[in-house]
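What follows is the content of final.tsv, which has TSV, C-alpha atoms:
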chain	number	residue	atom	x	y	z
V	1	MET	CA	-131.50	104.07	-198.71
V	2	THR	CA	-133.61	103.37	-201.79
V	3	GLU	CA	-133.76	99.94	-203.38
V	4	ASN	CA	-131.28	100.71	-206.19
V	5	ALA	CA	-128.84	102.91	-204.26
V	6	TYR	CA	-126.14	100.23	-204.11
V	7	ALA	CA	-126.48	99.63	-207.84
V	8	ARG	CA	-126.17	103.37	-208.48
V	9	ALA	CA	-122.95	103.25	-206.46
V	10	GLY	CA	-121.63	100.65	-208.89
V	11	VAL	CA	-122.27	97.35	-207.09
V	12	ASP	CA	-124.49	94.82	-208.86
V	13	ILE	CA	-125.72	92.23	-206.35
V	14	GLU	CA	-127.78	90.43	-208.97
V	15	ALA	CA	-124.68	89.98	-211.17
V	16	ALA	CA	-122.83	88.50	-208.18
V	17	ASP	CA	-125.67	86.03	-207.64
V	18	ARG	CA	-125.56	85.02	-211.32
V	19	ALA	CA	-121.80	84.50	-211.05
V	20	VAL	CA	-122.33	82.13	-208.12
V	21	ASP	CA	-124.88	80.16	-210.12
V	22	LEU	CA	-122.46	79.86	-213.06
V	23	MET	CA	-119.52	78.73	-210.93
V	24	LYS	CA	-121.38	76.06	-208.95
V	25	GLU	CA	-120.73	73.41	-211.59
V	26	TRP	CA	-116.98	73.91	-211.40
V	27	VAL	CA	-116.74	74.16	-207.61
V	28	GLU	CA	-118.66	70.90	-207.33
V	29	LYS	CA	-115.90	69.18	-209.32
V	30	ALA	CA	-113.24	70.34	-206.84
V	31	ARG	CA	-114.50	68.35	-203.87
V	32	ARG	CA	-112.92	65.87	-201.50
V	33	PRO	CA	-114.93	63.43	-199.36
V	34	GLU	CA	-114.07	65.51	-196.28
V	35	MET	CA	-115.76	68.63	-197.67
V	36	LEU	CA	-119.11	69.47	-196.07
V	37	GLY	CA	-121.85	71.58	-197.57
V	38	GLY	CA	-121.65	73.68	-200.70
V	39	LEU	CA	-121.56	77.28	-201.86
V	40	GLY	CA	-123.45	79.93	-199.98
V	41	GLY	CA	-122.32	79.48	-196.39
V	42	PHE	CA	-120.29	81.97	-194.43
V	43	ALA	CA	-117.45	79.49	-193.99
V	44	GLY	CA	-116.18	76.42	-195.83
V	45	LEU	CA	-116.29	73.24	-193.77
V	46	PHE	CA	-113.82	70.36	-193.91
V	47	ASP	CA	-114.06	67.20	-191.81
V	48	ALA	CA	-110.74	66.95	-189.95
V	49	SER	CA	-111.42	63.55	-188.38
V	50	ALA	CA	-108.99	61.99	-190.88
V	51	LEU	CA	-106.20	63.70	-188.95
V	52	LEU	CA	-106.83	61.25	-186.11
V	53	ALA	CA	-104.88	58.69	-188.15
V	54	TYR	CA	-101.74	60.81	-187.82
V	55	LYS	CA	-99.38	60.37	-184.89
V	56	ARG	CA	-98.40	64.04	-184.85
V	57	PRO	CA	-100.11	65.97	-187.66
V	58	LEU	CA	-98.57	69.30	-188.60
V	59	LEU	CA	-100.84	71.75	-190.38
V	60	ALA	CA	-99.20	73.76	-193.15
V	61	THR	CA	-100.65	76.87	-194.75
V	62	SER	CA	-99.75	79.07	-197.70
V	63	THR	CA	-101.22	82.15	-199.33
V	64	ASP	CA	-100.36	84.01	-202.52
V	65	GLY	CA	-101.67	85.72	-205.62
V	66	VAL	CA	-100.84	85.71	-209.31
V	67	GLY	CA	-99.22	89.12	-209.61
V	68	THR	CA	-99.29	91.13	-212.80
V	69	LYS	CA	-99.99	88.08	-214.97
V	70	VAL	CA	-103.65	89.00	-214.44
V	71	ALA	CA	-103.01	92.10	-216.57
V	72	VAL	CA	-102.10	89.84	-219.50
V	73	ALA	CA	-105.26	87.77	-219.01
V	74	GLN	CA	-107.26	91.00	-219.14
V	75	MET	CA	-105.44	92.15	-222.29
V	76	VAL	CA	-106.13	88.84	-224.05
V	77	ASP	CA	-109.63	88.58	-222.52
V	78	LYS	CA	-108.98	84.96	-221.53
V	79	HIS	CA	-109.68	84.13	-217.92
V	80	ASP	CA	-110.07	80.35	-217.58
V	81	THR	CA	-106.38	79.54	-217.04
V	82	ILE	CA	-105.32	82.15	-214.48
V	83	GLY	CA	-106.76	79.86	-211.80
V	84	PHE	CA	-103.99	77.33	-212.49
V	85	ASP	CA	-101.47	80.05	-211.72
V	86	LEU	CA	-103.19	80.89	-208.46
V	87	VAL	CA	-103.48	77.29	-207.29
V	88	GLY	CA	-99.95	76.46	-208.40
V	89	MET	CA	-98.52	79.34	-206.39
V	90	VAL	CA	-100.13	78.26	-203.12
V	91	VAL	CA	-100.22	74.45	-203.22
V	92	ASP	CA	-96.64	74.05	-204.43
V	93	ASP	CA	-95.34	76.43	-201.79
V	94	LEU	CA	-96.98	74.10	-199.29
V	95	VAL	CA	-96.04	70.72	-200.76
V	96	VAL	CA	-92.28	71.38	-200.54
V	97	CYS	CA	-92.36	70.45	-196.86
V	98	GLY	CA	-94.10	67.18	-197.72
V	99	ALA	CA	-97.58	68.42	-196.80
V	100	GLU	CA	-100.65	67.25	-198.70
V	101	PRO	CA	-102.93	70.20	-199.55
V	102	LEU	CA	-106.40	69.53	-198.17
V	103	PHE	CA	-108.48	72.55	-199.07
V	104	MET	CA	-108.28	76.01	-200.59
V	105	THR	CA	-110.22	79.26	-200.58
V	106	ASP	CA	-110.01	82.05	-203.15
V	107	TYR	CA	-110.65	85.78	-203.28
V	108	ILE	CA	-111.49	87.74	-206.44
V	109	ALA	CA	-111.66	91.54	-206.39
V	110	THR	CA	-113.02	93.24	-209.50
V	111	GLY	CA	-114.18	96.64	-210.65
V	112	LYS	CA	-117.38	95.17	-212.06
V	113	VAL	CA	-118.79	91.69	-211.66
V	114	VAL	CA	-119.24	90.13	-215.09
V	115	PRO	CA	-120.72	86.73	-214.21
V	116	GLU	CA	-119.21	84.88	-217.16
V	117	ARG	CA	-115.74	86.24	-216.43
V	118	ILE	CA	-115.91	85.37	-212.72
V	119	ALA	CA	-117.17	81.89	-213.58
V	120	ALA	CA	-114.26	81.42	-216.01
V	121	ILE	CA	-111.75	82.39	-213.32
V	122	VAL	CA	-113.32	79.99	-210.83
V	123	LYS	CA	-113.43	77.26	-213.48
V	124	GLY	CA	-109.65	77.45	-213.76
V	125	ILE	CA	-109.23	77.46	-209.98
V	126	ALA	CA	-111.47	74.42	-209.59
V	127	GLU	CA	-109.80	72.45	-212.38
V	128	ALA	CA	-106.39	73.19	-210.88
V	129	CYS	CA	-107.61	72.09	-207.44
V	130	VAL	CA	-108.64	68.77	-209.00
V	131	GLU	CA	-105.14	68.41	-210.47
V	132	ALA	CA	-103.59	69.20	-207.08
V	133	GLY	CA	-105.98	66.92	-205.20
V	134	CYS	CA	-107.35	69.58	-202.87
V	135	ALA	CA	-110.90	70.78	-202.29
V	136	LEU	CA	-112.13	74.27	-203.14
V	137	VAL	CA	-114.21	74.83	-200.02
V	138	GLY	CA	-115.18	78.45	-200.52
V	139	GLY	CA	-114.24	81.90	-201.67
V	140	GLU	CA	-115.29	85.50	-202.05
V	141	THR	CA	-115.98	87.82	-204.97
V	142	ALA	CA	-115.86	91.53	-204.16
V	143	GLU	CA	-116.93	94.36	-206.45
V	144	HIS	CA	-114.79	97.50	-206.02
V	145	PRO	CA	-116.11	100.24	-208.33
V	146	GLY	CA	-113.92	103.32	-208.32
V	147	LEU	CA	-110.97	101.37	-206.98
V	148	LEU	CA	-110.62	99.03	-209.97
V	149	ALA	CA	-111.67	99.69	-213.56
V	150	PRO	CA	-114.69	97.67	-214.76
V	151	ASP	CA	-112.51	95.13	-216.62
V	152	GLU	CA	-109.82	94.89	-213.92
V	153	TYR	CA	-109.56	92.18	-211.30
V	154	ASP	CA	-107.06	90.57	-208.97
V	155	VAL	CA	-107.06	87.12	-207.40
V	156	ALA	CA	-105.59	85.62	-204.25
V	157	GLY	CA	-105.92	82.34	-202.44
V	158	ALA	CA	-104.91	80.32	-199.41
V	159	THR	CA	-104.52	76.62	-198.80
V	160	THR	CA	-104.12	74.35	-195.80
V	161	GLY	CA	-102.44	70.97	-195.75
V	162	VAL	CA	-101.09	68.34	-193.38
V	163	VAL	CA	-97.87	66.37	-192.96
V	164	GLU	CA	-96.79	63.81	-190.39
V	165	ALA	CA	-94.15	65.40	-188.16
V	166	ASP	CA	-91.53	62.74	-188.79
V	167	ALA	CA	-92.08	63.06	-192.56
V	168	LEU	CA	-91.45	66.82	-192.63
V	169	LEU	CA	-89.00	67.76	-195.39
V	170	GLY	CA	-86.46	70.52	-194.98
V	171	PRO	CA	-82.86	71.63	-194.49
V	172	GLY	CA	-82.25	69.33	-191.53
V	173	ARG	CA	-82.42	66.28	-193.81
V	174	VAL	CA	-79.92	67.45	-196.44
V	175	ARG	CA	-76.54	65.67	-196.48
V	176	PRO	CA	-73.23	66.04	-198.40
V	177	GLY	CA	-73.34	63.92	-201.55
V	178	ASP	CA	-77.09	64.40	-202.05
V	179	VAL	CA	-78.27	65.10	-205.59
V	180	VAL	CA	-80.39	68.01	-206.84
V	181	LEU	CA	-83.11	67.13	-209.36
V	182	ALA	CA	-84.73	69.81	-211.52
V	183	MET	CA	-88.33	69.65	-212.73
V	184	ALA	CA	-89.10	71.59	-215.89
V	185	ALA	CA	-91.29	74.67	-215.82
V	186	SER	CA	-94.11	75.03	-218.33
V	187	GLY	CA	-93.04	78.62	-219.00
V	188	LEU	CA	-92.74	81.81	-216.98
V	189	HIS	CA	-95.29	80.45	-214.48
V	190	SER	CA	-96.48	83.42	-212.39
V	191	ASN	CA	-93.37	85.36	-211.48
V	192	GLY	CA	-91.37	88.10	-213.14
V	193	TYR	CA	-94.25	89.43	-215.20
V	194	SER	CA	-93.40	93.03	-214.37
V	195	LEU	CA	-90.08	92.43	-216.14
V	196	ALA	CA	-91.62	90.44	-219.01
V	197	ARG	CA	-94.38	93.01	-219.56
V	198	HIS	CA	-91.84	95.85	-219.56
V	199	VAL	CA	-89.67	94.08	-222.13
V	200	PHE	CA	-92.48	93.02	-224.47
V	201	PHE	CA	-95.00	95.83	-224.15
V	202	THR	CA	-92.83	98.86	-223.34
V	203	GLN	CA	-89.36	98.27	-224.74
V	204	ALA	CA	-90.35	96.25	-227.82
V	205	ASP	CA	-93.89	97.70	-228.15
V	206	TRP	CA	-95.31	94.28	-229.05
V	207	GLY	CA	-98.99	93.43	-228.72
V	208	VAL	CA	-100.46	90.25	-227.27
V	209	GLU	CA	-101.78	89.29	-230.70
V	210	ARG	CA	-98.31	89.31	-232.29
V	211	HIS	CA	-97.19	85.92	-233.58
V	212	VAL	CA	-93.68	85.12	-232.35
V	213	ASP	CA	-91.81	82.51	-234.38
V	214	ASP	CA	-89.62	81.55	-231.40
V	215	PHE	CA	-92.78	80.60	-229.51
V	216	GLY	CA	-94.73	79.10	-232.39
V	217	ARG	CA	-97.77	81.03	-231.20
V	218	THR	CA	-98.87	84.53	-230.20
V	219	LEU	CA	-97.21	86.49	-227.44
V	220	GLY	CA	-100.44	86.44	-225.44
V	221	GLU	CA	-100.70	82.65	-225.68
V	222	GLU	CA	-97.11	82.25	-224.52
V	223	LEU	CA	-97.50	84.62	-221.59
V	224	LEU	CA	-100.72	82.91	-220.48
V	225	GLU	CA	-99.22	79.40	-220.45
V	226	PRO	CA	-100.54	78.03	-217.13
V	227	THR	CA	-98.24	77.30	-214.23
V	228	ARG	CA	-97.34	73.62	-213.97
V	229	ILE	CA	-98.71	72.08	-210.78
V	230	TYR	CA	-96.19	69.73	-209.15
V	231	THR	CA	-98.25	68.71	-206.12
V	232	LYS	CA	-99.03	65.07	-206.87
V	233	PRO	CA	-95.59	64.18	-208.32
V	234	ALA	CA	-93.90	65.93	-205.39
V	235	LEU	CA	-96.02	63.99	-202.91
V	236	ARG	CA	-95.08	60.78	-204.69
V	237	LEU	CA	-91.41	61.65	-204.26
V	238	ALA	CA	-91.99	62.22	-200.55
V	239	ARG	CA	-94.03	59.05	-200.04
V	240	GLU	CA	-92.88	56.42	-202.54
V	241	LEU	CA	-89.10	56.67	-202.35
V	242	PRO	CA	-87.44	54.83	-199.45
V	243	ALA	CA	-88.00	56.50	-196.09
V	244	GLY	CA	-85.83	59.60	-195.77
V	245	ALA	CA	-84.58	59.50	-199.37
V	246	THR	CA	-86.34	62.73	-200.31
V	247	ARG	CA	-84.56	65.37	-198.27
V	248	ALA	CA	-86.05	68.72	-199.27
V	249	MET	CA	-87.82	70.51	-202.12
V	250	ALA	CA	-87.97	74.10	-203.31
V	251	HIS	CA	-90.65	75.82	-205.39
V	252	ILE	CA	-88.90	78.12	-207.87
V	253	THR	CA	-90.90	81.34	-207.85
V	254	GLY	CA	-89.98	84.99	-207.33
V	255	GLY	CA	-86.23	85.33	-206.82
V	256	GLY	CA	-85.28	82.54	-209.19
V	257	LEU	CA	-83.58	79.18	-208.85
V	258	ALA	CA	-80.60	79.97	-206.62
V	259	ASN	CA	-82.46	82.15	-204.12
V	260	ASN	CA	-85.32	79.70	-203.65
V	261	LEU	CA	-83.10	76.64	-203.33
V	262	ALA	CA	-81.02	78.51	-200.74
V	263	ARG	CA	-84.13	78.66	-198.53
V	264	VAL	CA	-83.88	74.89	-197.90
V	265	MET	CA	-80.08	74.68	-197.63
V	266	PRO	CA	-78.44	74.21	-194.21
V	267	ALA	CA	-75.65	76.68	-193.49
V	268	GLU	CA	-72.91	74.06	-193.54
V	269	LEU	CA	-73.70	72.83	-197.08
V	270	LYS	CA	-73.73	74.28	-200.59
V	271	ALA	CA	-75.42	73.30	-203.84
V	272	THR	CA	-73.60	73.54	-207.16
V	273	LEU	CA	-75.92	73.58	-210.17
V	274	ASP	CA	-74.80	73.14	-213.77
V	275	ARG	CA	-76.53	75.34	-216.34
V	276	GLY	CA	-75.20	73.03	-219.03
V	277	THR	CA	-77.75	70.38	-218.06
V	278	TRP	CA	-80.71	72.21	-219.59
V	279	THR	CA	-81.77	74.80	-222.14
V	280	PRO	CA	-84.40	77.27	-220.87
V	281	GLY	CA	-87.52	77.62	-223.00
V	282	PRO	CA	-87.51	80.21	-225.80
V	283	VAL	CA	-89.43	82.81	-223.77
V	284	PHE	CA	-86.50	83.22	-221.38
V	285	ASP	CA	-83.99	83.72	-224.18
V	286	VAL	CA	-86.27	86.19	-225.96
V	287	VAL	CA	-86.68	88.24	-222.76
V	288	ARG	CA	-82.91	88.17	-222.31
V	289	ARG	CA	-82.08	89.26	-225.86
V	290	LEU	CA	-85.00	91.59	-226.58
V	291	GLY	CA	-84.71	93.41	-223.26
V	292	GLU	CA	-80.91	93.24	-223.08
V	293	VAL	CA	-81.36	91.74	-219.62
V	294	SER	CA	-78.18	90.45	-218.00
V	295	GLN	CA	-78.09	86.80	-217.06
V	296	PRO	CA	-77.73	87.57	-213.32
V	297	ASP	CA	-80.83	89.80	-213.48
V	298	LEU	CA	-82.71	87.17	-215.45
V	299	GLU	CA	-81.81	84.41	-212.98
V	300	ALA	CA	-82.76	86.58	-210.01
V	301	THR	CA	-86.21	87.27	-211.46
V	302	LEU	CA	-87.42	84.33	-213.59
V	303	ASN	CA	-87.43	80.57	-213.05
V	304	CYS	CA	-85.38	80.13	-216.28
V	305	GLY	CA	-87.05	76.80	-217.04
V	306	VAL	CA	-86.95	75.11	-213.62
V	307	GLY	CA	-90.19	75.21	-211.66
V	308	MET	CA	-89.38	72.85	-208.77
V	309	VAL	CA	-86.31	71.12	-207.40
V	310	ALA	CA	-85.92	68.12	-205.12
V	311	ILE	CA	-82.87	67.09	-203.11
V	312	VAL	CA	-82.66	63.31	-202.89
V	313	ALA	CA	-80.28	60.68	-201.61
V	314	PRO	CA	-77.82	59.58	-204.34
V	315	GLU	CA	-78.98	55.96	-204.26
V	316	SER	CA	-82.57	57.07	-205.03
V	317	VAL	CA	-81.86	59.28	-208.04
V	318	ASP	CA	-82.84	56.72	-210.69
V	319	ALA	CA	-86.06	55.84	-208.87
V	320	ALA	CA	-86.94	59.53	-208.47
V	321	LEU	CA	-86.35	60.28	-212.15
V	322	ALA	CA	-88.43	57.23	-213.14
V	323	LEU	CA	-91.25	58.36	-210.85
V	324	LEU	CA	-91.26	61.87	-212.33
V	325	ALA	CA	-91.18	60.46	-215.87
V	326	ASP	CA	-94.20	58.33	-214.99
V	327	ALA	CA	-95.93	61.49	-213.77
V	328	GLU	CA	-95.04	63.17	-217.10
V	329	VAL	CA	-92.86	65.81	-215.46
V	330	PRO	CA	-89.59	66.35	-217.39
V	331	SER	CA	-86.73	66.15	-214.91
V	332	TRP	CA	-82.95	65.77	-214.77
V	333	VAL	CA	-79.96	65.85	-212.46
V	334	VAL	CA	-78.97	69.50	-212.18
V	335	GLY	CA	-76.41	69.48	-209.37
V	336	GLU	CA	-75.08	68.12	-206.11
V	337	ILE	CA	-74.61	68.99	-202.46
V	338	ALA	CA	-71.22	69.39	-200.76
V	339	VAL	CA	-69.75	70.91	-197.62
V	340	ASP	CA	-69.73	74.73	-197.63
V	341	PRO	CA	-66.57	76.08	-196.01
V	342	THR	CA	-68.13	79.56	-195.88
V	343	GLN	CA	-71.00	78.29	-193.71
V	344	GLN	CA	-73.54	80.29	-195.74
V	345	GLY	CA	-75.74	77.57	-197.22
V	346	SER	CA	-74.89	78.90	-200.67
V	347	VAL	CA	-76.16	77.94	-204.11
V	348	GLU	CA	-73.84	78.41	-207.09
V	349	LEU	CA	-74.76	78.24	-210.76
V	350	VAL	CA	-71.86	77.21	-213.02
V	351	GLY	CA	-71.40	76.64	-216.74
V	352	GLN	CA	-73.71	77.92	-219.45
V	353	HIS	CA	-76.94	76.82	-221.06
V	354	PRO	CA	-76.48	75.12	-224.45
V	355	GLY	CA	-76.96	77.70	-227.20
V	356	TRP	CA	-76.68	80.74	-224.92
Structure rendered as structure tokens:
Amino acid sequence: MTENAYARAGVDIEAADRAVDLMKEWVEKARRPEMLGGLGGFAGLFDASALLAYKRPLLATSTDGVGTKVAVAQMVDKHDTIGFDLVGMVVDDLVVCGAEPLFMTDYIATGKVVPERIAAIVKGIAEACVEAGCALVGGETAEHPGLLAPDEYDVAGATTGVVEADALLGPGRVRPGDVVLAMAASGLHSNGYSLARHVFFTQADWGVERHVDDFGRTLGEELLEPTRIYTKPALRLARELPAGATRAMAHITGGGLANNLARVMPAELKATLDRGTWTPGPVFDVVRRLGEVSQPDLEATLNCGVGMVAIVAPESVDAALALLADAEVPSWVVGEIAVDPTQQGSVELVGQHPGW
């Protein structure tokens, strides 16, 4: 094989090296004291000796991607926020059981390595890791000419965390009379973009540069609003309320509010949630009206303004709301837990959103 054969096949090793050089600054910011070494090794290293302080440490792991939101980032040619969506998807799936995310790795596949674009993606990932309190210990960038177009890419990531066994949150802690708290979403987050893209780009034939009065900004800016990361506030709920007061949490992603909350409901109990307690952001109403999407379809696909929920003991509601307010996460009482005579662990949405 001649020296430039790989380049003739479409893979630019020198560009990949330049991308690594550009991203080093951002990866360095996303460190924890337990992280060993830097970029360039075959594996990321994390000192696990801190786990010796746990009585019975449980390791938790989560992996995910961003979905078709990356297509919007490519349309707008803005790549430094998609990392928040990636990190949010994995760390907040993990934190719902009370686990603290320790470290994360990422994977970027692209048709052509453009160093500045790869560095922008990693910048967002690193900044989001800082916000979540986890280390970015490594990753991989793969060039796939012929499989992806030169300007196309996809991202994925995985995270590992730890929780003390007797602090594990979940369905077994939930009791009748418990209260469901909602935490506001920043927007669509990273789910339901196949529906949103179909409504905006196919049905309505709008472009990302279109200014939308309901949003107060362009369509592209609205669709690229980064996913809110709930990790640190959620950990505070788990750790700072009285022991056992935080029962369970649910990350509201694909499938919507009811389906995700049902995942942490014991069969003998049900949650009743009141739509009248909040008004979803304008983007949800515009998707509903512009696409003539039924409310059941909307609620089964999008988060409809709630990105995370926590089930807490009734006597700790005020303290939980005060904690979330201190963390600058808008939150409110959205419902309550009662006995479910059907034994299905159901979640029911009642009432209607103001203005809908």
Using all atoms listed in the file, determine which residues lie at most 6 Å from Arg247 (chain V), disregarding the query and same-chain residues fewer than 6 positions distant; provide the list as a ChimeraX atom specification. /V:169,173-174,311-312
I need the chosen residues saved as a PDB file, keeping the file's coordinate frame, with C-alpha atoms.
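Just written: out.pdb:
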ATOM      1  CA  LEU V 169     -89.000  67.760-195.390  1.00  0.00           C
ATOM      2  CA  ARG V 173     -82.420  66.280-193.810  1.00  0.00           C
ATOM      3  CA  VAL V 174     -79.920  67.450-196.440  1.00  0.00           C
ATOM      4  CA  ILE V 311     -82.870  67.090-203.110  1.00  0.00           C
ATOM      5  CA  VAL V 312     -82.660  63.310-202.890  1.00  0.00           C
TER       6      VAL V 312
END
Any idea what the distance is between CA of Cys304 (chain V) and CA of Glu100 (chain V)? 26.6 Å
Kindly give the distance, in Å, that separates CA of Gly172 (chain V) and CA of Met265 (chain V), rounded to a single decimal.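 That distance, rounded to one decimal, is 8.4 Å.
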Tell me which protein, DNA and RNA residues are within 6 Å of Asp64 (chain V), counting only C-alpha atoms, leaving out same-chain ones fewer than 2 positions away, and put them as a VMD selection string. chain V and resid 90 156 to 157
Based on the selection just made, write C-alpha atoms of those residues as a PDB file, keeping the file's coordinate frame.
ATOM      1  CA  VAL V  90    -100.130  78.260-203.120  1.00  0.00           C
ATOM      2  CA  ALA V 156    -105.590  85.620-204.250  1.00  0.00           C
ATOM      3  CA  GLY V 157    -105.920  82.340-202.440  1.00  0.00           C
TER       4      GLY V 157
END
When you draw a straight line from CA of Lys78 (chain V) to CA of Gly139 (chain V), how long is it in Å?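 Spanning CA of Lys78 (chain V) to CA of Gly139 (chain V) is a straight-line distance of 20.8 Å.
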Could you name the residues that touch Ala319 (chain V) at 12 Å or less, counting only C-alpha atoms, but leaving out those on the same chain fewer than 3 positions away, as a PyMOL selection string? chain V and resi 181+236-237+240-242+245-246+312-316+322-326+331-332
Using all atoms listed in the file: which of V:Ile229, V:Glu222, V:Val122, V:Asp106 has the shortest distance to Val286 (chain V): V:Glu222
Please, which residues are within 12 Å of (-90.4, 94.6, -220.7) by the file's coordinates, counting all atoms listed in the file, and could they come as a ChimeraX atom specification? /V:192-207,286-293,298
Might you pull out every residue within 9 Å of Leu261 (chain V), with only C-alpha atoms counted and same-chain residues fewer than 3 positions away left off, and present them as an MDAnalysis selection string? chainID V and resid 249:252 256:258 264:265 271 309 346:347
Pick from V:Arg117, V:Lys270, V:Arg239, V:Lys232: nearest to Cys134 (chain V), with only C-alpha atoms counted?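 Counting only C-alpha atoms, the residue closest to Cys134 (chain V) is V:Lys232.
If all atoms listed in the file are the atoms counted, then among V:Gly88, V:Gly281, V:Pro330, V:Gly255 the closest residue to Pro354 (chain V) is V:Gly281.
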Pick the closest to Leu148 (chain V) from V:Gly170, V:Pro226, V:Gly111, V:Pro101: which is it, counting all atoms listed in the file?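 Using all atoms listed in the file, Leu148 (chain V) sits closest to V:Gly111.
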Expected answer as a VMD selection string: all residues with atoms within 10 Å of (-74.4, 72.4, -194.0), all atoms listed in the file: chain V and resid 171 to 172 174 to 176 265 to 271 337 to 346
Pick the closest to Leu188 (chain V) from V:Val114, V:Leu302, V:Ala126, V:Ile121: which is it, counting only C-alpha atoms?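 Of the candidates, the smallest distance to Leu188 (chain V) is held by V:Leu302.
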Using only C-alpha atoms, find the one residue out of V:Thr279, V:Gln295, V:Thr301, V:Thr159 that sits nearest to Gly355 (chain V).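 Going through V:Thr279, V:Gln295, V:Thr301, V:Thr159 one by one, the smallest distance to Gly355 (chain V) is for V:Thr279.
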Given 6 Å of margin on each side, can you work out the centre and size in Å (one decimal) of an axis-aligned box holding every listed atom of region 226-243 of chain V, as lines of an AutoDock Vina configuration file?
center_x = -94.0
center_y = 66.4
center_z = -206.6
size_x = 25.1
size_y = 35.2
size_z = 33.0
At most 8 Å is the cut-off: for each residue in region 45-141 of chain V with any atom that close to an atom of region 208-216 of chain V, write down the nearest atom pair and the distance in Å rounded to one decimal, counting only C-alpha atoms, chain first then increasing number, as a tab-separated table.
residue	atom	partner	partner_atom	distance
V:Val72	CA	V:Val208	CA	8.0
V:Met75	CA	V:Val208	CA	7.3
V:Val76	CA	V:Val208	CA	6.7
Put those residues in a file: C-alpha atoms, as a PDB file, keeping the file's coordinate frame.
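Once everything was written out, this is part-v1.pdb:
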ATOM      1  CA  VAL V  72    -102.100  89.840-219.500  1.00  0.00           C
ATOM      2  CA  MET V  75    -105.440  92.150-222.290  1.00  0.00           C
ATOM      3  CA  VAL V  76    -106.130  88.840-224.050  1.00  0.00           C
TER       4      VAL V  76
END
